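*Asks:* Mind looking over this structure? Questions follow.
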Amino acid sequence: MNPLRSRALAAAIYVLVADGVAALFLGGLVGGPGLALITVLVVGSWWQEALRQRLTRVPRLGPVLLGLAGAGVVVEIAVGAVGLLDVFTHLLVFLLLVKLYTLQTLRDARDVAFLAFFMLVAASPVTTSVVFLGLFVTFVVVGTWLLMFRHVLNETDVVPGPTARIGREILELALAGSAVTVLVTAVLFVVIPRVGLAALPLRTQGSRSVSGFSEHVRLGSFGEIEADATVVMRVRLTSLTGGGVPQQLPSLRWRGVAFDHFDGRTWTVSPATLRLTLRRNRSVAFPVHQYTGGPVLTQEIDLEPLESPMIFGAPRVLSVQGRSDLVVVDDLGNVAVPLPIARLRYTVESQPEMGTPRRVRIAEARTPSDPRWHARYTQLPRLSPRVGALAREVTAGSADAHEAARRLTAWLSRELRYTRTLERPAGDDPLEDFLFVRRAGNCEYFAAALAVMLRSLQVPARVVNGFQRGEWNPYGDYFMVRLRDAHSWVEVFVDGAGWITFDPSPRGPAEVETPAAAASLWLDSMRTTWQRYVVSFSLYDQLTVVESLRRATWAWSAVALRPAQWPPRARAATAGAGLLAVGAVALLWRRRRRAAPVSVVPVFYLQALRLLARRGLTPERGETAREFAHRAAGAAWAAPLASLTGAYERVRFGGAALTGAELAVVHADLAALTKAVRARRT
Amino acid sequence: MRLRGLLARLQPRRTIRPTRDGWWCLGAAVGLGLAAVNTGNNLLYLLASLLLALIVVSGILSEQSMRRLGLRAVIPDEIYATRPVQLGARVRNGKRWLPSYSVALEAGAHRLYVDRLAAGAERLVTWETTFPRRGRQRLPGVRVLTRFPFGLFLKAGRVALDTDVVVFPTARPLDETWRRRLTASGVRSLPRRGRGHDLYSLREYRIGDDPRLVHWPSSAKTGELIVRELAAETATNTRIVLVGDGTRNATRLEAALSEAASLAIHVLDSGAAVELAGPGLHVPSGRGRGHRWRLLTALALYDPALAMTPIPRRSSGVSEIEVTLG
């Protein structure tokens with residue numbers, strides 16, 4: 001059978017083709033012009049029935065085309081202009097077009113489905129987009145239906161026999177089948193152990209890097225700072241010990257890199273910084289800072305490649321855990337991993353700053369007595385004396401370093417203006433220009449000014465680069481941190497409390513961005529879920545799932561027999577499931593009653609046979625009902641049996657339902673038969 | 001018997017083997033699995049999982065289609081050698097709720113297809129076949145199989161209905177020679193309606209009656225059209241004697257048994273009793289359907305090697321026809 005004669009089958013074939021070609025485009029294996037050309041050829045094939053007929057009559061067309069394809073592959077490999085995956089893609093596209101222009105049989109329809117599937121396969125190593133999920137689900141639904149429908153058409157072509165129109169039922173069955181297929185696929189996907197060897201990568205391609213985060217703070221630049229909305233990080237707050245809603249924590253920010261050295265224009269990490277490289281063979285957390293008490297915030301962070309080895313977390317970072325087996329920690333509290341080329345996922349435990357640090361007295365957070373430490377964090381280049389004078393003026397009468405820092409922060413926020421438009425400094429000292437001439441700048445100026453002014457007062461301070469909290473995504477329960485959320489602030493050492501964060505930057509109205517639309521947030525949530533549970537799924541996740549199941553089983557086994565202790569959600573879900581089950585059973589029962597087939601042998605005739613069997617009278621093998629009735633001629637039950645036989649023939653072979661009057665006659669005959677049989681017995 | 005039952009139980013309820021498409025699917029799943037392990041790419045794992053899921057779902061749906069399907073043979077009472085015969089099977093879906101889809105029945109070289117069988121429904125499928133020779137023969141058996149839902153695997157149930165049947169010798173309409181021989185042996189009227197020559201009864205004319213049967217004297221007497229009903233006629237009770245033992249010429253033996261069967265059917269159909277006698281077989285005189293079956297069975301199972309019993313003597317008032325076995 002020509003599959004294109006069935007419009008539904010033809011539509012399914014072209015949907016699968018579109019699905020496969022879209023996958024190639026998504027993976028970048030086919031560019032814009034290529035896509036346009038393929039689309040024209042594919043769409044054009046829809047109306048080429050006459051050409052198809054002519055092509056099928058061409059002798060040895062198949063071997064010739066296969067030879068051409070083989071030669072093309074050899075030439076492409078020999079020339080070496082493209083990778084293996086691209087050669088595979090070209091072969092797939094060629095075969096697909098050949099099939100579309102020679103489509104004649106149901107087997108060709110199957111081949112097209114296979115080719116579309118291999119297009120998804122070709123795209124899989126080179127894309128991580130969530131759009132792939134849509135293409136995958138489309139393929140499952142349409143492909144399942146196509147395979148089922150093709151099977152039925154194929155069987156009815158090959159095997160003659162009674163058939164009914166079951167197209168609609170096949171559609172329903174295919175939908176149910178595809179839902180089950182997706183479910184089983186998900187289970188298998190989770191269960192199949194991830195033991196990847198990565199011995200022969202088809203095409204080395206990392207994720208697209210995002211630039212914009214800086215590993216230093218340079219003053220003196222000018223121009224308009226672009227508000228880039230690219231998402232660089234997604235932070236899920238998984239727990240906060242001590243209670244409270246983690247996302248409502250005040251002043252949440254994601255610390256990246258701290259700088260201790262200032263040369264008058266640029267803040268950098270001094271070469272004298274002590275670095276410690278930690279290695280682990282197993283997936284355990286790397287310790288960064290010592291825990292000194294208070295709540296612990298756990299964050300799960302998905303970090304896009306930032307062209308920087310730094311990783312981020314809420315200050316003060318206690319530990320880091322991820323897939324990397326190597327972490328570099330320095331004495332500024334910076335944490336780095338080998339430069340990631342792909343999205344990095346890790347978990348950070350932090351001890352957020354809570355309450356007033358002046359009341360805290362932590363033994364480990366006393367000011368070190370080493371003068372070199374003090375010199376390092378109070379280091380300054382030659383500065384204009386006006387800066388120091390201003391600092392002293394603002395902090396006059398401060399009781400301690402914390403109050404001095406607080407006063408300076410308040411002064412900077414109040415007296416100076418935040419702007420993204422940076423003008424060329426009038427003199428050689430950008431900081432002096434910021435404080436006394438322009439009196440406006442971005443967060444880097446504010447942070448640098450505060451740190452320098454504190455250092456001029458011999459208060460240890462350092463500048464930190466990182467990101468502000470970002471935008472909360474209620475659909476995925478995480479913060480979306482964008483490039484425009486990049487920020488600088490200051491850490492000040494307070495005796496007994498350690499390094500405390502001060503943010504003098506008044507990022508007010510100028511920083512208010514239009515919140516993302518709900519659809520955009522939902523899409524981002526979906527993208528994140530896809531990345532988290534599919535693209536980045538690992539052996540570690542598998543072990544986590546097993547562990548979670550084990551714990552949940554234990555927990556549930558303890559409370560399962562005590563429904564009163566169930567959480568309200570579980571109770572509601574159980575009640576809902578019960579109602580659904582009852583409804584489904586009732587519906588099926590009703591449908592079955594409606595579709596209950598008529599019994600092959602009517603009950604009244606079976607009763608009659610049973611009665612006669614008591615007298616030893618049973619139909620012989622192959623004896624018809626009428627012959628059986630004739631055999632009884634002359635007996636007392638002959639008349640009722642003949643009447644019942646007539647009724648039986650009408651119901652059984654005439655397919656007629658008995659009327660009320662006929663039923664009454666049947667009952668009367670049965671009564672007469674019973675009486676006659678009993679009379680004979682007595 | 002007990003051992004056979006045990007062996008039957010040990011046989012798997014279903015056999016399953018991949019079709020050509022199924023082998024492709026399995027090969028692709030293995031290839032993708034290897035590629036996924038090699039690259040650690042989760043999307044390849046996803047696609048390999050999809051192929052494996054298709055195989056799993058295929059197994060579930062095909063089992064659902066095959067489950068609780070019952071077969072009952074529909075075999076005609078009389079099967080004649082070299083004559084086409086309709087064999088059949090009633091296939092019944094014994095499931096309470098769910099229909100069966102795309103089920104094929106394989107009976108020897110015949111394949112029949114049922115695309116849908118509702119829950120509790122039954123369908124009769126028939127096929128034509130011809131048995132080349134008489135005697136007890138084994139039916140090829142019927143097997144339920146399905147490629148549902150994707151055509152990736154062929155799942156087949158156990159062979160059922162492989163029972164024995166008795167194939168009667170070929171029966172043909174009697175040729176003129178045999179008719180003359182039967183007529184010569186005498187014809188008599190039977191006490192039932194028929195197309196003979198004697199009067200059976202008179203009755204009122206009905207539309208469609210042959211005008212030549214109008215009985216004019218009675219019609220004139222009653223003032224209404226009265227027609228004659230004629231009695232049926234029969235040959236006299238007949239004894240068919242098989243002469244010889246048929247060991248010399250097998251072709252002649254089969255032809256003779258076919259003639260004997262044709263004769264017996266003809267005489268029985270005309271209402272007379274038939275007795276069959278021959279070397280190693282004797283069916284006493286009788287009438288009716290059961291007797292016909294006994295006669296034909298005796299002819300079907302006739303074995304010249306066992307032809308040792310002498311032929312019984314002929315009764316009086318019975319015409320005798322000899323059929324030479326060769």
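Lettering and numbering for the structure tokens are positional, with chains as A, B, ... in the shown order, residues counted from 1 in each chain, and ligands counted from 1 in the shown order.
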Could you list the residues in chain B lying within 9 Å of chain A, using only C-alpha atoms, and format the result as JSON, numbers by chain?
*Replies:* {"B": [21, 32, 35, 36, 37, 38, 39, 40, 41, 42, 43, 44, 45, 46, 47, 48, 49, 50, 51, 52, 53, 54, 56, 57, 58, 61, 76, 77, 96, 97, 102, 104, 111, 112, 113, 114, 115, 116, 118, 119, 120, 121, 122, 125, 147, 148, 149, 150, 151]}
*Asks:* Which of region 490-568 of chain A end up as strand (DSSP E or B) when DSSP is run on this backbone - answer as a PyMOL selection string?
*Replies:* chain A and resi 490-494+498-502
*Asks:* Which residues come within 9 Å of region 501-508 of chain A, counting only C-alpha atoms, excluding same-chain residues fewer than 6 positions away, as a list in words?
*Replies:*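 Contacts, in chain order: Pro315, Glu353, Ala405, Arg406, Leu408, Thr409, Ala410, Trp411, Leu412, Ser413, Arg414, Leu416, Arg417, Tyr418, Thr419, Asn442, Cys443, Glu444, Tyr445, Phe446, Ala447, Leu450, Ser488, Trp489, Val490, Glu491, Val492 and Phe493 of chain A.
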*Asks:* Selected residues, C-alpha atoms, written as an mmCIF file, in the first residue's frame, please.
*Replies:*
data_model
loop_
_atom_site.group_PDB
_atom_site.id
_atom_site.type_symbol
_atom_site.label_atom_id
_atom_site.label_comp_id
_atom_site.auth_asym_id
_atom_site.auth_seq_id
_atom_site.Cartn_x
_atom_site.Cartn_y
_atom_site.Cartn_z
ATOM 1 C CA PRO A 315 29.290 34.341 52.186
ATOM 2 C CA GLU A 353 25.690 36.894 58.433
ATOM 3 C CA ALA A 405 32.631 51.200 58.341
ATOM 4 C CA ARG A 406 28.933 51.739 58.928
ATOM 5 C CA LEU A 408 31.379 55.557 55.748
ATOM 6 C CA THR A 409 28.911 53.196 54.029
ATOM 7 C CA ALA A 410 26.005 55.425 54.971
ATOM 8 C CA TRP A 411 27.843 58.538 53.832
ATOM 9 C CA LEU A 412 28.752 57.096 50.447
ATOM 10 C CA SER A 413 25.223 55.830 49.841
ATOM 11 C CA ARG A 414 23.740 59.141 50.817
ATOM 12 C CA LEU A 416 27.159 60.051 46.046
ATOM 13 C CA ARG A 417 25.102 58.950 43.082
ATOM 14 C CA TYR A 418 24.995 55.575 41.399
ATOM 15 C CA THR A 419 25.303 55.625 37.623
ATOM 16 C CA ASN A 442 29.107 52.384 39.611
ATOM 17 C CA CYS A 443 29.400 49.779 42.358
ATOM 18 C CA GLU A 444 33.110 49.271 41.751
ATOM 19 C CA TYR A 445 33.814 52.923 42.599
ATOM 20 C CA PHE A 446 31.685 52.775 45.719
ATOM 21 C CA ALA A 447 33.361 49.551 46.919
ATOM 22 C CA LEU A 450 34.928 52.450 51.005
ATOM 23 C CA SER A 488 31.163 44.777 44.024
ATOM 24 C CA TRP A 489 31.110 45.279 47.737
ATOM 25 C CA VAL A 490 33.494 45.386 50.676
ATOM 26 C CA GLU A 491 34.460 43.032 53.458
ATOM 27 C CA VAL A 492 35.716 44.654 56.626
ATOM 28 C CA PHE A 493 37.491 42.797 59.382
#
*Asks:* Could you jot down the CA of Ile79 (chain B) to CA of Ala264 (chain B) separation for me, Å, one decimal place?
*Replies:*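 Computing the Euclidean distance for CA of Ile79 (chain B) and CA of Ala264 (chain B) yields 15.4 Å.
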*Asks:* Which residue is closest to Ala300 (chain B)? Choose from B:Pro191, B:Gly59, B:Gly135, B:Pro84 and count only C-alpha atoms.
*Replies:*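 For Ala300 (chain B), the nearest of the candidates is B:Gly135.
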*Asks:* Considering only alpha helix (DSSP H) as DSSP defines it on the backbone, what residues of region 498-586 of chain A qualify? List them as number ranges by chain.
*Replies:* A: 518-530, 539-559, 568-586
*Asks:* Could you work out how far CA of Gly20 (chain A) lies from CA of Val112 (chain A), giving the answer in Å with one decimal?
*Replies:*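 Those two atoms sit 9.8 Å apart.
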*Asks:* Of the candidates B:Leu145, B:Val243, B:Ala73, B:Val85, which one gets nearest to Arg14 (chain B) if we count only C-alpha atoms?
*Replies:*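 The answer is B:Leu145, which sits nearest to Arg14 (chain B).
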*Asks:* Return the single residue from A:Tyr540, A:Trp530, A:Phe434, A:Gly498 that is closest to Gly322 (chain A), with distances computed using only C-alpha atoms.
*Replies:*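 With only C-alpha atoms as the atom set, the closest residue is A:Tyr540.
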*Asks:* For a test of reading the model, state the distance in Å between CA of Leu295 (chain B) and CA of Tyr80 (chain B), rounded to one decimal.
*Replies:*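 Here the two named atoms are 13.1 Å from each other.
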*Asks:* Quick one: residues within 8 Å of Leu301 (chain B), only C-alpha atoms, excluding same-chain residues fewer than 6 positions away - as number ranges by chain?
*Replies:* B: 134-136, 166
*Asks:* Keeping C-alpha atoms for every residue in the selection just given, could you write it to a file as a CSV table (one decimal), in the first residue's frame?
*Replies:*
chain,number,residue,atom,x,y,z
B,134,ARG,CA,-9.2,-40.6,3.1
B,135,GLY,CA,-8.6,-41.9,6.6
B,136,ARG,CA,-7.8,-40.6,10.1
B,166,VAL,CA,-11.8,-38.8,9.8
*Asks:* Can you pull out every residue within 9 Å of Ala171 (chain B), counting only C-alpha atoms, but drop anything in the same chain fewer than 2 positions away, and send it as a PyMOL selection string?
*Replies:* chain B and resi 80-81+83+168-169+173-174+258-263+265
